[in-house]
Structures are given as C-alpha cells and as structure tokens.
file run01.pdb (PDB, C-alpha atoms)
ATOM      1  CA  MET A  29     -10.523  -3.505-117.757
ATOM      2  CA  TYR A  30      -8.140  -2.723-120.601
ATOM      3  CA  LEU A  31      -8.088  -1.496-124.197
ATOM      4  CA  LYS A  32      -8.989  -3.813-127.045
ATOM      5  CA  ASN A  33      -6.858  -1.869-129.554
ATOM      6  CA  GLU A  34      -4.462   1.035-129.507
ATOM      7  CA  ALA A  35      -6.388   4.305-129.144
ATOM      8  CA  THR A  36      -5.266   7.761-130.263
ATOM      9  CA  GLY A  37      -6.562  11.289-129.927
ATOM     10  CA  VAL A  38      -5.674  14.920-130.592
ATOM     11  CA  LEU A  39      -6.516  17.919-128.428
ATOM     12  CA  ILE A  40      -5.471  21.527-129.126
ATOM     13  CA  ILE A  41      -5.321  23.935-126.174
ATOM     14  CA  GLU A  42      -3.931  27.463-126.531
ATOM     15  CA  ARG A  43      -2.125  26.471-129.746
ATOM     16  CA  SER A  44      -0.345  23.519-128.042
ATOM     17  CA  ARG A  45      -1.103  20.130-129.592
ATOM     18  CA  PHE A  46      -1.605  17.187-127.245
ATOM     19  CA  LEU A  47      -1.472  13.822-129.049
ATOM     20  CA  THR A  48      -2.622  10.888-126.933
ATOM     21  CA  TYR A  49      -1.596   7.271-127.479
ATOM     22  CA  MET A  50      -3.074   4.495-125.359
ATOM     23  CA  LYS A  51      -2.340   0.801-125.461
ATOM     24  CA  ARG A  52      -2.617  -2.413-123.466
ATOM     25  CA  VAL A  53       0.688  -3.360-121.799
ATOM     26  CA  LYS A  54       1.477  -6.462-119.786
ATOM     27  CA  SER A  55       4.757  -5.333-118.201
ATOM     28  CA  GLU A  56       7.020  -2.360-117.517
ATOM     29  CA  GLU A  57       9.140  -3.528-120.441
ATOM     30  CA  ASP A  58       6.102  -3.214-122.782
ATOM     31  CA  TYR A  59       5.546   0.285-121.361
ATOM     32  CA  ARG A  60       9.172   1.373-121.925
ATOM     33  CA  ASN A  61       9.176  -0.076-125.458
ATOM     34  CA  TYR A  62       5.983   1.821-126.288
ATOM     35  CA  ILE A  63       7.502   5.089-124.989
ATOM     36  CA  SER A  64      10.580   4.485-127.182
ATOM     37  CA  GLU A  65       8.389   3.820-130.215
ATOM     38  CA  ILE A  66       6.356   7.021-129.710
ATOM     39  CA  ARG A  67       9.504   9.078-129.013
ATOM     40  CA  ARG A  68      10.992   7.905-132.325
ATOM     41  CA  LYS A  69       7.759   8.805-134.104
ATOM     42  CA  HIS A  70       7.655  12.268-132.460
ATOM     43  CA  HIS A  71      11.385  13.003-132.049
ATOM     44  CA  ASP A  72      10.704  16.743-132.413
ATOM     45  CA  ALA A  73       8.030  16.923-129.653
ATOM     46  CA  THR A  74       8.498  19.186-126.640
ATOM     47  CA  HIS A  75       7.383  16.507-124.130
ATOM     48  CA  VAL A  76       6.251  12.867-124.116
ATOM     49  CA  CYS A  77       4.512  12.448-120.755
ATOM     50  CA  SER A  78       3.189   9.086-119.680
ATOM     51  CA  ALA A  79       1.610   6.800-117.116
ATOM     52  CA  MET A  80       0.860   3.090-116.791
ATOM     53  CA  ILE A  81      -1.056   0.735-114.552
ATOM     54  CA  CYS A  82      -0.239  -2.960-114.636
ATOM     55  CA  GLY A  83      -1.481  -4.935-111.660
ATOM     56  CA  ASN A  84       0.064  -3.299-108.563
ATOM     57  CA  ILE A  85       2.665  -1.428-110.634
ATOM     58  CA  ARG A  86       1.982   2.246-111.293
ATOM     59  CA  ARG A  87       4.410   4.498-113.119
ATOM     60  CA  SER A  88       4.237   8.068-114.413
ATOM     61  CA  SER A  89       6.559  10.619-115.973
ATOM     62  CA  ASP A  90       6.284  14.397-116.385
ATOM     63  CA  ASP A  91       9.109  14.339-118.982
ATOM     64  CA  GLY A  92      10.267  17.887-118.247
ATOM     65  CA  GLU A  93       6.878  19.439-117.461
ATOM     66  CA  PRO A  94       6.620  20.951-113.933
ATOM     67  CA  SER A  95       6.453  18.167-111.331
ATOM     68  CA  GLY A  96       3.003  16.642-110.895
ATOM     69  CA  THR A  97       1.394  18.444-113.855
ATOM     70  CA  ALA A  98       1.433  15.649-116.459
ATOM     71  CA  GLY A  99       2.233  12.080-115.372
ATOM     72  CA  ALA A 100       0.105  12.117-112.205
ATOM     73  CA  PRO A 101      -3.000  13.554-113.955
ATOM     74  CA  ILE A 102      -2.659  10.938-116.733
ATOM     75  CA  LEU A 103      -2.354   8.177-114.112
ATOM     76  CA  ASN A 104      -5.357   9.584-112.252
ATOM     77  CA  VAL A 105      -7.577   9.292-115.363
ATOM     78  CA  LEU A 106      -6.504   5.664-115.898
ATOM     79  CA  ASP A 107      -7.217   4.906-112.242
ATOM     80  CA  LYS A 108     -10.629   6.634-112.148
ATOM     81  CA  ASN A 109     -11.738   4.672-115.212
ATOM     82  CA  GLY A 110     -10.805   1.351-113.609
ATOM     83  CA  LEU A 111      -8.167   0.500-116.212
ATOM     84  CA  ASP A 112      -5.463  -2.113-115.775
ATOM     85  CA  GLU A 113      -2.706  -3.317-118.125
ATOM     86  CA  THR A 114      -2.930   0.102-119.767
ATOM     87  CA  CYS A 115      -0.517   2.893-120.571
ATOM     88  CA  ALA A 116      -1.220   6.372-121.870
ATOM     89  CA  LEU A 117       1.293   8.698-123.484
ATOM     90  CA  VAL A 118       0.593  12.335-124.252
ATOM     91  CA  VAL A 119       2.915  14.003-126.748
ATOM     92  CA  ARG A 120       2.967  17.800-126.451
ATOM     93  CA  TYR A 121       3.977  20.207-129.169
ATOM     94  CA  PHE A 122       4.308  23.579-127.429
ATOM     95  CA  GLY A 123       2.281  26.322-129.103
ATOM     96  CA  GLY A 124       3.937  29.338-127.500
ATOM     97  CA  ILE A 125       1.424  30.050-124.721
ATOM     98  CA  LYS A 126       2.230  28.916-121.172
ATOM     99  CA  LEU A 127      -0.675  27.144-119.490
ATOM    100  CA  GLY A 128       0.444  27.288-115.861
ATOM    101  CA  ALA A 129       0.320  24.320-113.474
ATOM    102  CA  GLY A 130      -3.497  24.153-113.289
ATOM    103  CA  GLY A 131      -3.816  24.504-117.054
ATOM    104  CA  LEU A 132      -1.312  21.697-117.656
ATOM    105  CA  ILE A 133      -3.077  19.355-115.224
ATOM    106  CA  ARG A 134      -6.406  20.014-116.985
ATOM    107  CA  ALA A 135      -4.836  19.663-120.447
ATOM    108  CA  TYR A 136      -3.158  16.298-119.779
ATOM    109  CA  SER A 137      -6.240  14.936-117.974
ATOM    110  CA  SER A 138      -8.538  16.108-120.782
ATOM    111  CA  ALA A 139      -6.299  14.660-123.501
ATOM    112  CA  VAL A 140      -6.530  11.168-121.960
ATOM    113  CA  SER A 141     -10.243  11.470-121.072
ATOM    114  CA  GLU A 142     -11.119  12.520-124.637
ATOM    115  CA  CYS A 143      -9.099   9.656-126.105
ATOM    116  CA  LEU A 144     -10.899   7.190-123.829
ATOM    117  CA  LYS A 145     -14.316   8.283-125.155
ATOM    118  CA  ASP A 146     -13.643   6.535-128.478
ATOM    119  CA  ALA A 147     -11.575   3.650-127.096
ATOM    120  CA  ARG A 148     -12.908   0.087-127.137
ATOM    121  CA  LEU A 149     -12.643  -1.390-123.658
ATOM    122  CA  ILE A 150     -12.521  -5.034-122.643
ATOM    123  CA  GLU A 151     -13.411  -6.579-119.319
ATOM    124  CA  GLU A 152     -12.449 -10.077-118.227
ATOM    125  CA  ALA A 153     -14.918 -12.259-116.368
ATOM    126  CA  VAL A 154     -14.472 -15.690-114.792
ATOM    127  CA  LEU A 155     -17.515 -17.780-115.674
ATOM    128  CA  PRO A 156     -18.491 -21.328-114.736
ATOM    129  CA  LYS A 157     -17.880 -23.791-117.596
ATOM    130  CA  TYR A 158     -20.247 -26.650-118.389
ATOM    131  CA  GLU A 159     -20.426 -29.727-120.581
ATOM    132  CA  LEU A 160     -23.640 -31.123-122.026
ATOM    133  CA  SER A 161     -23.936 -34.374-124.004
ATOM    134  CA  VAL A 162     -27.189 -34.973-125.886
ATOM    135  CA  SER A 163     -28.581 -37.008-128.770
ATOM    136  CA  TYR A 164     -28.613 -35.541-132.276
ATOM    137  CA  GLU A 165     -32.380 -35.106-132.004
ATOM    138  CA  THR A 166     -32.005 -33.057-128.794
ATOM    139  CA  ALA A 167     -29.083 -31.135-130.326
ATOM    140  CA  ASN A 168     -31.435 -29.941-133.071
ATOM    141  CA  ARG A 169     -33.666 -28.430-130.391
ATOM    142  CA  ILE A 170     -30.969 -26.795-128.249
ATOM    143  CA  ASP A 171     -28.199 -25.836-130.690
ATOM    144  CA  TYR A 172     -29.615 -22.390-131.559
ATOM    145  CA  TYR A 173     -30.218 -21.536-127.893
ATOM    146  CA  LEU A 174     -26.666 -22.472-126.842
ATOM    147  CA  ARG A 175     -25.066 -20.549-129.719
ATOM    148  CA  ASN A 176     -26.987 -17.391-128.832
ATOM    149  CA  ASN A 177     -27.173 -17.526-125.036
ATOM    150  CA  THR A 178     -23.890 -19.022-123.826
ATOM    151  CA  VAL A 179     -20.183 -18.564-124.518
ATOM    152  CA  LEU A 180     -19.821 -21.705-126.616
ATOM    153  CA  SER A 181     -16.221 -22.900-126.792
ATOM    154  CA  ASP A 182     -16.478 -26.363-128.321
ATOM    155  CA  THR A 183     -18.925 -28.738-130.007
ATOM    156  CA  VAL A 184     -17.975 -32.396-130.601
ATOM    157  CA  TYR A 185     -20.045 -34.577-132.924
ATOM    158  CA  ASP A 186     -19.638 -38.286-132.155
ATOM    159  CA  THR A 187     -22.237 -40.908-131.188
ATOM    160  CA  SER A 188     -23.810 -37.967-129.329
ATOM    161  CA  VAL A 189     -23.273 -34.213-129.506
ATOM    162  CA  THR A 190     -21.182 -32.690-126.706
ATOM    163  CA  TYR A 191     -21.221 -28.957-126.054
ATOM    164  CA  ARG A 192     -18.772 -27.100-123.812
ATOM    165  CA  PHE A 193     -19.788 -23.605-122.830
ATOM    166  CA  ALA A 194     -19.544 -20.901-120.153
ATOM    167  CA  LEU A 195     -22.616 -19.301-118.617
ATOM    168  CA  ASP A 196     -22.952 -15.685-117.501
ATOM    169  CA  ASP A 197     -26.218 -16.478-115.693
ATOM    170  CA  GLU A 198     -26.864 -19.821-114.018
ATOM    171  CA  LYS A 199     -30.637 -19.278-114.411
ATOM    172  CA  LYS A 200     -30.107 -20.373-118.016
ATOM    173  CA  ILE A 201     -29.581 -23.937-116.767
ATOM    174  CA  GLU A 202     -33.365 -24.209-116.287
ATOM    175  CA  LYS A 203     -33.925 -23.154-119.911
ATOM    176  CA  ILE A 204     -31.365 -25.733-121.073
ATOM    177  CA  LYS A 205     -33.141 -28.444-119.061
ATOM    178  CA  GLU A 206     -36.409 -27.378-120.719
ATOM    179  CA  PHE A 207     -34.926 -27.830-124.226
ATOM    180  CA  THR A 208     -33.316 -31.167-123.311
ATOM    181  CA  LYS A 209     -36.326 -32.548-121.414
ATOM    182  CA  GLY A 210     -34.495 -32.639-118.092
ATOM    183  CA  ILE A 211     -30.819 -33.218-119.005
ATOM    184  CA  SER A 212     -28.679 -30.981-116.837
ATOM    185  CA  PRO A 213     -25.263 -29.680-117.944
ATOM    186  CA  VAL A 214     -22.290 -30.790-115.802
ATOM    187  CA  LYS A 215     -19.984 -28.137-114.365
ATOM    188  CA  ILE A 216     -16.395 -28.848-115.499
ATOM    189  CA  GLY A 217     -14.521 -25.792-114.255
ATOM    190  CA  GLU A 218     -14.169 -22.106-115.046
ATOM    191  CA  GLU A 219     -13.323 -20.085-118.116
ATOM    192  CA  ILE A 220     -11.966 -16.557-118.423
ATOM    193  CA  ILE A 221     -13.838 -14.679-121.120
ATOM    194  CA  GLU A 222     -13.375 -11.215-122.543
ATOM    195  CA  LYS A 223     -16.346  -8.989-123.160
ATOM    196  CA  GLU A 224     -16.435  -5.552-124.697
ATOM    197  CA  VAL A 225     -17.852  -2.939-122.353
ATOM    198  CA  LYS A 226     -18.030  -0.158-124.915
TER     199      LYS A 226
END

call {"tool": "encode", "arguments": {"input": "run01.pdb", "output": "structure tokens"}}
result
Amino acid sequence: MYLKNEATGVLIIERSRFLTYMKRVKSEEDYRNYISEIRRKHHDATHVCSAMICGNIRRSSDDGEPSGTAGAPILNVLDKNGLDETCALVVRYFGGIKLGAGGLIRAYSSAVSECLKDARLIEEAVLPKYELSVSYETANRIDYYLRNNTVLSDTVYDTSVTYRFALDDEKKIEKIKEFTKGISPVKIGEEIIEKEVK
C-alpha cells in the first residue's frame, strides 16, 4: 500500500510545530531528493526527521533529536499501517519547551498518524485478465455490465466486439455467461490494478 498523492499535516505540541510531509518513493535516491527538497523549503527548521520503507529497504533519521526519538517512531507508524514505497518527513520548529524522550516519540508518531488520516492510499492487486468476443447484438446486452463490474482495459470494435478486462471476483463469470447466453470469457493472463483503499 502506498500514497496516491503527497500528503501534509501540521501538529502543534507545547508550542513546537511539527510539519509532516509524506510521499510515494520508489528508491533511496527518491527519498534523499525529497529530504533535500523539504530541507530547502524549511532551511530554518530545527530538525527534519525522516523514515522510508521501499521493499526490503528501511531507513530512518533522527536529524539531531536524541537517538531513537524521531526516525524510529516515524518508521514504526509506516510499518504498522502496512505502507510500502513511502517516506515520511517531520519538520520540527522548536517552541522553547523540551518534550523529553517519551514526549518526542509520541509527538513524531502522532504527527505521522494524523497526516495519514487524510491521506489517500492505494493498494495494488494482481487480478486475472480475460478476453471476450461477442456479436454486436450481444455487446448491447453485456456492455453496461462489463463497464460497471469489471476493470475494463480495452474494447475493440471489428466484425465482432472484443472486450479485455480484469475480474476481482471469478463468480462474475457466471453472470457474464448469462448475458452472453453461454459464451465464456477466455483467461489471457494477469493484470496489476490499483485501487484506492481510503
């Protein structure tokens, strides 16, 4: 699961401002570039703490905060939410009140958790892909059903109408056969689709 778009959030704790930036990254290089971009934007910030998960690669940085009080808690939130190809950066502007180790851990965790509440998340699924060739008359009967109940990727109009689609539930094949009076779609492979989880 990963973010559809960049997500941002603001949390104020004991006069310190915690600005969270989250984004999909596909490599450590993407992660480092994003940190550089946010550092330039907030060159006057006290700390820019971060974490990323990308496949088996996990990185985190406390950026001057006491060891284990920022990067690890950020990484923990990403992990607990089942995120991959995701990085989170929390920019801190110190407000003059020390939070202590426990307070910092809670603050950095909360900043990322709050930001995630409004984030749009995407999940990838591998679905079986089918092809169905029917007459124009049959296409008139089944077109609406396929457009609303499958992940339709292609429709070719020739001497017949050929649909290519992925199915999230193979029980729908029976419904398709009903509409086509017994014509069964042919499995032609698999397709990776993205679906929004929230």

call {"tool": "residues_around", "arguments": {"input": "run01.pdb", "residues": "Arg169 (chain A)", "least_positions_apart": "6", "cutoff": "12 Å", "atoms": "only C-alpha atoms", "output": "PyMOL selection string"}}
result
chain A and resi 162-163+175+189+203-209

call {"tool": "resolve_selection", "arguments": {"input": "run01.pdb", "expression": "the PyMOL selection byres ((chain A and resi 124-139) around 7)", "output": "list of chain:residue names"}}
result
A:Leu39, A:Glu42, A:Phe46, A:Thr48, A:Thr97, A:Ala98, A:Pro101, A:Ile102, A:Val105, A:Phe122, A:Gly123, A:Val140, A:Ser141, A:Glu142, A:Cys143

call {"tool": "residues_around", "arguments": {"input": "run01.pdb", "residues": "Val76 (chain A)", "least_positions_apart": "4", "cutoff": "12 Å", "atoms": "only C-alpha atoms", "output": "ChimeraX atom specification"}}
result
/A:45-49,62-72,88-93,98-99,102,116-122,136

call {"tool": "closest_residue", "arguments": {"input": "run01.pdb", "among": "A:Leu106, A:Gly96, A:Asp112, A:Thr183", "to": "Asn84 (chain A)", "atoms": "all atoms listed in the file"}}
result
A:Asp112

call {"tool": "residues_around", "arguments": {"input": "run01.pdb", "residues": "Val53 (chain A)", "least_positions_apart": "2", "cutoff": "10 Å", "atoms": "only C-alpha atoms", "output": "PyMOL selection string"}}
result
chain A and resi 30-31+50-51+55-62+80-82+112-116

call {"tool": "residues_near_point", "arguments": {"input": "run01.pdb", "point": "(-13.3, -18.6, -112.5)", "cutoff": "12 Å", "atoms": "all atoms listed in the file", "output": "PDB file with C-alpha atoms, in the coordinates of the input"}}
result
ATOM      1  CA  GLU A 152     -12.449 -10.077-118.227  1.00  0.00           C
ATOM      2  CA  ALA A 153     -14.918 -12.259-116.368  1.00  0.00           C
ATOM      3  CA  VAL A 154     -14.472 -15.690-114.792  1.00  0.00           C
ATOM      4  CA  LEU A 155     -17.515 -17.780-115.674  1.00  0.00           C
ATOM      5  CA  PRO A 156     -18.491 -21.328-114.736  1.00  0.00           C
ATOM      6  CA  LYS A 157     -17.880 -23.791-117.596  1.00  0.00           C
ATOM      7  CA  ALA A 194     -19.544 -20.901-120.153  1.00  0.00           C
ATOM      8  CA  LEU A 195     -22.616 -19.301-118.617  1.00  0.00           C
ATOM      9  CA  ASP A 196     -22.952 -15.685-117.501  1.00  0.00           C
ATOM     10  CA  LYS A 215     -19.984 -28.137-114.365  1.00  0.00           C
ATOM     11  CA  ILE A 216     -16.395 -28.848-115.499  1.00  0.00           C
ATOM     12  CA  GLY A 217     -14.521 -25.792-114.255  1.00  0.00           C
ATOM     13  CA  GLU A 218     -14.169 -22.106-115.046  1.00  0.00           C
ATOM     14  CA  GLU A 219     -13.323 -20.085-118.116  1.00  0.00           C
ATOM     15  CA  ILE A 220     -11.966 -16.557-118.423  1.00  0.00           C
ATOM     16  CA  ILE A 221     -13.838 -14.679-121.120  1.00  0.00           C
TER      17      ILE A 221
END

call {"tool": "atom_distance", "arguments": {"input": "run01.pdb", "atom1": "CA of Ala73 (chain A)", "atom2": "CA of Pro94 (chain A)"}}
result
16.3 Å

call {"tool": "atom_distance", "arguments": {"input": "run01.pdb", "atom1": "CA of Ile85 (chain A)", "atom2": "CA of Glu151 (chain A)"}}
result
19.0 Å

call {"tool": "axis_aligned_box", "arguments": {"input": "run01.pdb", "around": "region 147-162 of chain A", "padding_each_side": "3 Å", "output": "JSON"}}
result
{"center_x": -19.4, "center_y": -15.7, "center_z": -120.9, "size_x": 21.6, "size_y": 44.6, "size_z": 18.4}

call {"tool": "resolve_selection", "arguments": {"input": "run01.pdb", "expression": "the PyMOL selection byres ((chain A and resi 180) around 8)", "output": "VMD selection string"}}
result
chain A and resid 174 to 175 178 to 179 181 to 183 191 to 194

call {"tool": "atom_distance", "arguments": {"input": "run01.pdb", "atom1": "CA of Met29 (chain A)", "atom2": "CA of Asp197 (chain A)"}}
result
20.5 Å

call {"tool": "closest_residue", "arguments": {"input": "run01.pdb", "among": "A:His75, A:Glu159, A:Ala147, A:Gly37", "to": "Asn109 (chain A)", "atoms": "only C-alpha atoms"}}
result
A:Ala147

call {"tool": "decode", "arguments": {"input": "run01.pdb", "residues": "region 110-123 of chain A", "atoms": "C-alpha atoms", "output": "mmCIF file, in the first residue's frame"}}
result
data_model
loop_
_atom_site.group_PDB
_atom_site.id
_atom_site.type_symbol
_atom_site.label_atom_id
_atom_site.label_comp_id
_atom_site.auth_asym_id
_atom_site.auth_seq_id
_atom_site.Cartn_x
_atom_site.Cartn_y
_atom_site.Cartn_z
ATOM 1 C CA GLY A 110 1.286 -1.592 6.056
ATOM 2 C CA LEU A 111 2.843 1.076 3.839
ATOM 3 C CA ASP A 112 5.466 0.424 1.189
ATOM 4 C CA GLU A 113 7.213 2.765 -1.270
ATOM 5 C CA THR A 114 6.521 5.538 1.233
ATOM 6 C CA CYS A 115 8.576 8.130 3.053
ATOM 7 C CA ALA A 116 7.554 10.490 5.823
ATOM 8 C CA LEU A 117 9.414 13.611 6.891
ATOM 9 C CA VAL A 118 8.582 15.583 10.009
ATOM 10 C CA VAL A 119 9.940 19.123 10.170
ATOM 11 C CA ARG A 120 10.185 20.481 13.721
ATOM 12 C CA TYR A 121 10.255 24.123 14.686
ATOM 13 C CA PHE A 122 11.249 24.153 18.362
ATOM 14 C CA GLY A 123 8.837 26.122 20.539
#
